Structure formats: C-alpha cells, structure tokens
Amino acid sequence: LLREFNAAGLVLGRDGLFHAYPDGGSAHPVFSVCNVLNPGTFEEPKMMQLKTRGIALFFEVPCEHSGKMAFNTMVGAAHQLSLGLGGKVLDGERRPLSACALQRLQDQVHECEYRRELERKKSTL
C-alpha cells in the first residue's frame with residue numbers, strides 16, 4: 001500500500017488518512033483515502049505489514065477545489081491504485097464501478113456545484 005500511495009502522490013496526514021494535494025500546495029486536500037477496516041486510519045510504521053480488505057477514496061462536496069477536478073483526479077487515482085494493488089474499483093454499494101454509476105456520481109458533483117453557485121449568486125444580489 002505505501003509504495004502505491006507514494007506513487008500516486010498521496011501524503012499521510014496527522015489524522016491517519018492519506019491525502020492528495022494539488023500541485024499548488026494548497027492546505028486543502030483534493031481527496032482523501034481511508035482504510036475500510038476499523039478504525040479507518042493508517043500508521044506509517046505498520047504500513048509494510050498492513051493487510052486490508054479495501055480502501056475508500058472520498059472528498060467533500062462542496063470542496064475547496066473544483067468538484068469536477070477533484071472527482072476526475074480521485075477516479076484516476078482509484079484506477080491507478082487498483083492496477084498497482086491488483087484490486088477492483090467499486091462504488092459505494094461495493095459493486096464494480098460501471099460507466100453508468102461513474103456518470104451518476106459525476107452528475108451529483110456537478111449538481112452540488114451548480115446549487116452552490118446559485119446560492120452564491122443569490123447572496124450577492
């Protein structure tokens with residue numbers, strides 16, 4: 001895991017989660033990675049011996065960055081990690097992530113950002 005996380009540019013945070021940061025060095029991660037097994041965190045000294053059933057990649061919407069960029073970056077990293085680890089990319093229901101499910105998730109991100117923009121415009125009137 002640690003080798004693949006490093007290859008994906010992920011950094012272990014003080015919260016025990018791995019985070020992807022934009023090239024600009026923002027204090028806010030683009031997305032984060034947790035262990036699906038309790039307690040959900042990682043400890044660097046134990047990473048070489050860690051065995052897990054899976055990892056989860058996530059980001060909050062609305063986010064500090066473009067939701068579209070965060071989503072695309074996270075999906076790309078998920079595929080990269082699955083190849084490197086010999087795993088599968090699954091959706092929130094633990095089913096293989098289909099093109100349809102991927103589009104549905106992308107639409108949800110766009111809808112949330114659209115609502116956020118509408119609220120921002122309303123507040124400036």
# chains A, B, ... in the order shown; residues from 1 in each chain; ligands from 1
$ closest_atom_pairs --of "segment 45-123 of chain A" --to "segment 22-31 of chain A" --cutoff "9 Å" --atoms "only C-alpha atoms" --output "Markdown table"
| residue | atom | partner | partner_atom | distance |
| --- | --- | --- | --- | --- |
| A:Leu57 | CA | A:Phe31 | CA | 6.8 |
| A:Phe58 | CA | A:Phe31 | CA | 5.6 |
| A:Phe59 | CA | A:Phe31 | CA | 4.6 |
| A:Glu60 | CA | A:Phe31 | CA | 7.8 |
| A:Cys63 | CA | A:Val30 | CA | 8.1 |
| A:Glu64 | CA | A:His28 | CA | 6.7 |
| A:His65 | CA | A:Val30 | CA | 6.7 |
| A:Ser66 | CA | A:Val30 | CA | 8.8 |
| A:Gly67 | CA | A:Val30 | CA | 8.8 |
| A:Met69 | CA | A:Val30 | CA | 8.3 |
| A:Ala70 | CA | A:Val30 | CA | 5.3 |
| A:Phe71 | CA | A:Phe31 | CA | 8.3 |
| A:Thr73 | CA | A:Val30 | CA | 7.8 |
| A:Met74 | CA | A:Phe31 | CA | 6.4 |
$ write_last_selection --atoms "all heavy atoms" --output "short mmCIF file (atom, residue, chain, number, x, y, z; two decimals), in the first residue's frame"
data_model
loop_
_atom_site.label_atom_id
_atom_site.label_comp_id
_atom_site.auth_asym_id
_atom_site.auth_seq_id
_atom_site.Cartn_x
_atom_site.Cartn_y
_atom_site.Cartn_z
N LEU A 57 -11.75 6.01 -1.24
CA LEU A 57 -11.33 7.34 -1.66
C LEU A 57 -12.55 8.24 -1.60
O LEU A 57 -13.64 7.82 -2.02
CB LEU A 57 -10.78 7.31 -3.09
CG LEU A 57 -9.38 6.71 -3.27
CD1 LEU A 57 -9.35 5.23 -3.02
CD2 LEU A 57 -8.88 7.03 -4.66
N PHE A 58 -12.38 9.44 -1.09
CA PHE A 58 -13.52 10.33 -0.93
C PHE A 58 -13.09 11.78 -0.91
O PHE A 58 -11.93 12.09 -0.66
CB PHE A 58 -14.28 10.00 0.36
CG PHE A 58 -13.47 10.22 1.61
CD1 PHE A 58 -13.55 11.42 2.30
CD2 PHE A 58 -12.61 9.23 2.09
CE1 PHE A 58 -12.80 11.64 3.45
CE2 PHE A 58 -11.87 9.43 3.24
CZ PHE A 58 -11.96 10.64 3.91
N PHE A 59 -14.06 12.66 -1.18
CA PHE A 59 -13.86 14.10 -0.99
C PHE A 59 -15.20 14.70 -0.65
O PHE A 59 -16.25 14.10 -0.89
CB PHE A 59 -13.22 14.77 -2.21
CG PHE A 59 -14.08 14.85 -3.44
CD1 PHE A 59 -14.78 16.00 -3.73
CD2 PHE A 59 -14.16 13.78 -4.31
CE1 PHE A 59 -15.57 16.08 -4.88
CE2 PHE A 59 -14.93 13.85 -5.46
CZ PHE A 59 -15.64 15.01 -5.74
N GLU A 60 -15.16 15.87 -0.04
CA GLU A 60 -16.37 16.55 0.37
C GLU A 60 -16.84 17.50 -0.73
O GLU A 60 -16.03 18.12 -1.39
CB GLU A 60 -16.13 17.36 1.65
CG GLU A 60 -15.85 16.51 2.85
CD GLU A 60 -15.68 17.33 4.10
OE1 GLU A 60 -16.42 18.32 4.28
OE2 GLU A 60 -14.79 16.99 4.89
N CYS A 63 -16.36 21.55 -2.18
CA CYS A 63 -14.98 21.46 -1.73
C CYS A 63 -14.23 22.73 -2.08
O CYS A 63 -14.72 23.57 -2.82
CB CYS A 63 -14.29 20.23 -2.31
SG CYS A 63 -14.31 20.13 -4.10
N GLU A 64 -13.05 22.82 -1.54
CA GLU A 64 -12.20 24.00 -1.75
C GLU A 64 -11.77 24.12 -3.21
O GLU A 64 -11.53 25.19 -3.72
CB GLU A 64 -10.97 23.87 -0.85
CG GLU A 64 -10.19 25.13 -0.67
CD GLU A 64 -10.92 26.18 0.14
OE1 GLU A 64 -11.77 25.85 0.97
OE2 GLU A 64 -10.62 27.37 -0.10
N HIS A 65 -11.70 22.98 -3.89
CA HIS A 65 -11.25 22.93 -5.27
C HIS A 65 -12.46 22.73 -6.17
O HIS A 65 -13.57 22.52 -5.71
CB HIS A 65 -10.26 21.77 -5.45
CG HIS A 65 -9.20 21.73 -4.42
ND1 HIS A 65 -8.13 22.59 -4.42
CD2 HIS A 65 -9.05 20.96 -3.32
CE1 HIS A 65 -7.37 22.35 -3.38
NE2 HIS A 65 -7.90 21.36 -2.69
N SER A 66 -12.23 22.71 -7.45
CA SER A 66 -13.27 22.39 -8.40
C SER A 66 -13.73 20.95 -8.17
O SER A 66 -12.91 20.04 -8.11
CB SER A 66 -12.72 22.54 -9.83
OG SER A 66 -13.44 21.74 -10.73
N GLY A 67 -15.03 20.75 -8.02
CA GLY A 67 -15.56 19.40 -7.82
C GLY A 67 -15.25 18.50 -9.00
O GLY A 67 -14.94 17.32 -8.82
N MET A 69 -12.64 18.74 -11.01
CA MET A 69 -11.23 18.39 -10.94
C MET A 69 -11.00 17.35 -9.85
O MET A 69 -10.29 16.36 -10.06
CB MET A 69 -10.39 19.64 -10.67
CG MET A 69 -8.88 19.38 -10.61
SD MET A 69 -8.21 18.88 -9.00
CE MET A 69 -8.45 20.32 -8.02
N ALA A 70 -11.61 17.55 -8.67
CA ALA A 70 -11.43 16.61 -7.56
C ALA A 70 -11.94 15.23 -7.95
O ALA A 70 -11.29 14.22 -7.70
CB ALA A 70 -12.15 17.13 -6.32
N PHE A 71 -13.11 15.18 -8.57
CA PHE A 71 -13.70 13.91 -8.97
C PHE A 71 -12.81 13.20 -9.98
O PHE A 71 -12.48 12.02 -9.82
CB PHE A 71 -15.09 14.15 -9.56
CG PHE A 71 -15.80 12.88 -9.94
CD1 PHE A 71 -16.43 12.11 -8.98
CD2 PHE A 71 -15.83 12.46 -11.26
CE1 PHE A 71 -17.07 10.94 -9.33
CE2 PHE A 71 -16.47 11.29 -11.63
CZ PHE A 71 -17.10 10.53 -10.66
N THR A 73 -9.62 13.63 -10.64
CA THR A 73 -8.34 13.27 -10.02
C THR A 73 -8.51 12.03 -9.16
O THR A 73 -7.69 11.10 -9.21
CB THR A 73 -7.80 14.44 -9.18
OG1 THR A 73 -7.66 15.59 -10.02
CG2 THR A 73 -6.47 14.10 -8.54
N MET A 74 -9.58 11.99 -8.38
CA MET A 74 -9.83 10.85 -7.49
C MET A 74 -10.09 9.57 -8.28
O MET A 74 -9.54 8.51 -7.96
CB MET A 74 -11.00 11.15 -6.56
CG MET A 74 -11.26 10.06 -5.54
SD MET A 74 -12.66 10.43 -4.48
CE MET A 74 -14.01 10.14 -5.63
#
$ select_by_dssp --residues "chain A" --states "strand (DSSP E or B)" --output "VMD selection string"
chain A and resid 10 to 12 18 to 20 31 to 35 55 to 58 90 96
$ closest_residue --among "A:Leu105, A:Ile55, A:Ala20, A:Val11" --to "Leu85 of chain A" --atoms "only C-alpha atoms"
A:Ile55
$ atom_distance --atom1 "atom CA of Gln106 of chain A" --atom2 "atom CA of Leu118 of chain A"
18.5 Å
$ closest_residue --among "A:Gly13, A:Gln49, A:Ala56, A:Pro62" --to "Glu117 of chain A" --atoms "only C-alpha atoms"
A:Pro62
$ select_by_dssp --residues "segment 15-119 of chain A" --states "alpha helix (DSSP H)" --output "ChimeraX atom specification"
/A:67-85,99-119
$ atom_distance --atom1 "atom CA of Arg120 of chain A" --atom2 "atom CA of Gln108 of chain A"
18.3 Å
$ closest_atom_pairs --of "segment 81-120 of chain A" --to "segment 32-41 of chain A" --cutoff "12 Å" --atoms "only C-alpha atoms" --output "JSON lines"
{"residue": "A:Leu81", "atom": "CA", "partner": "A:Val33", "partner_atom": "CA", "distance": 11.0}
{"residue": "A:Gly92", "atom": "CA", "partner": "A:Val36", "partner_atom": "CA", "distance": 11.6}
{"residue": "A:Arg94", "atom": "CA", "partner": "A:Val36", "partner_atom": "CA", "distance": 11.4}
$ write_last_selection --atoms "all heavy atoms" --output "PDB file, in the first residue's frame"
ATOM      1  N   LEU A  81      -4.403   3.039  -8.441  1.00  0.00           N
ATOM      2  CA  LEU A  81      -4.195   2.214  -7.258  1.00  0.00           C
ATOM      3  C   LEU A  81      -4.692   0.792  -7.476  1.00  0.00           C
ATOM      4  O   LEU A  81      -4.048  -0.173  -7.051  1.00  0.00           O
ATOM      5  CB  LEU A  81      -4.880   2.841  -6.038  1.00  0.00           C
ATOM      6  CG  LEU A  81      -4.240   4.125  -5.513  1.00  0.00           C
ATOM      7  CD1 LEU A  81      -5.154   4.813  -4.508  1.00  0.00           C
ATOM      8  CD2 LEU A  81      -2.870   3.825  -4.900  1.00  0.00           C
ATOM      9  N   GLY A  92     -20.126   2.849  -4.011  1.00  0.00           N
ATOM     10  CA  GLY A  92     -20.498   2.893  -2.601  1.00  0.00           C
ATOM     11  C   GLY A  92     -21.282   1.685  -2.130  1.00  0.00           C
ATOM     12  O   GLY A  92     -21.384   1.429  -0.934  1.00  0.00           O
ATOM     13  N   ARG A  94     -20.396  -1.314  -3.116  1.00  0.00           N
ATOM     14  CA  ARG A  94     -19.396  -2.368  -3.307  1.00  0.00           C
ATOM     15  C   ARG A  94     -19.649  -3.228  -4.551  1.00  0.00           C
ATOM     16  O   ARG A  94     -19.394  -4.418  -4.575  1.00  0.00           O
ATOM     17  CB  ARG A  94     -19.261  -3.240  -2.062  1.00  0.00           C
ATOM     18  CG  ARG A  94     -18.728  -2.459  -0.886  1.00  0.00           C
ATOM     19  CD  ARG A  94     -18.415  -3.328   0.268  1.00  0.00           C
ATOM     20  NE  ARG A  94     -17.879  -2.502   1.340  1.00  0.00           N
ATOM     21  CZ  ARG A  94     -17.768  -2.903   2.568  1.00  0.00           C
ATOM     22  NH1 ARG A  94     -18.122  -4.121   2.900  1.00  0.00           N
ATOM     23  NH2 ARG A  94     -17.281  -2.102   3.485  1.00  0.00           N
TER      24      ARG A  94
END
$ closest_residue --among "A:Arg14, A:Arg104, A:Lys88, A:His19" --to "Glu43 of chain A" --atoms "only C-alpha atoms"
A:Arg14
$ residues_around --residues "Leu97 of chain A" --least-positions-apart "6" --cutoff "12 Å" --atoms "only C-alpha atoms" --output "PyMOL selection string"
chain A and resi 75+78-79+82+88-91+103-105
$ closest_residue --among "A:Val61, A:Ala77, A:Met47, A:Leu83" --to "Leu12 of chain A" --atoms "only C-alpha atoms"
A:Met47
$ residues_around --residues "Ala7 of chain A" --least-positions-apart "4" --cutoff "10 Å" --atoms "only C-alpha atoms" --output "list in words"
Leu1, Leu2, Arg3, Ala77, Gln80, Leu81 and Gly84 of chain A
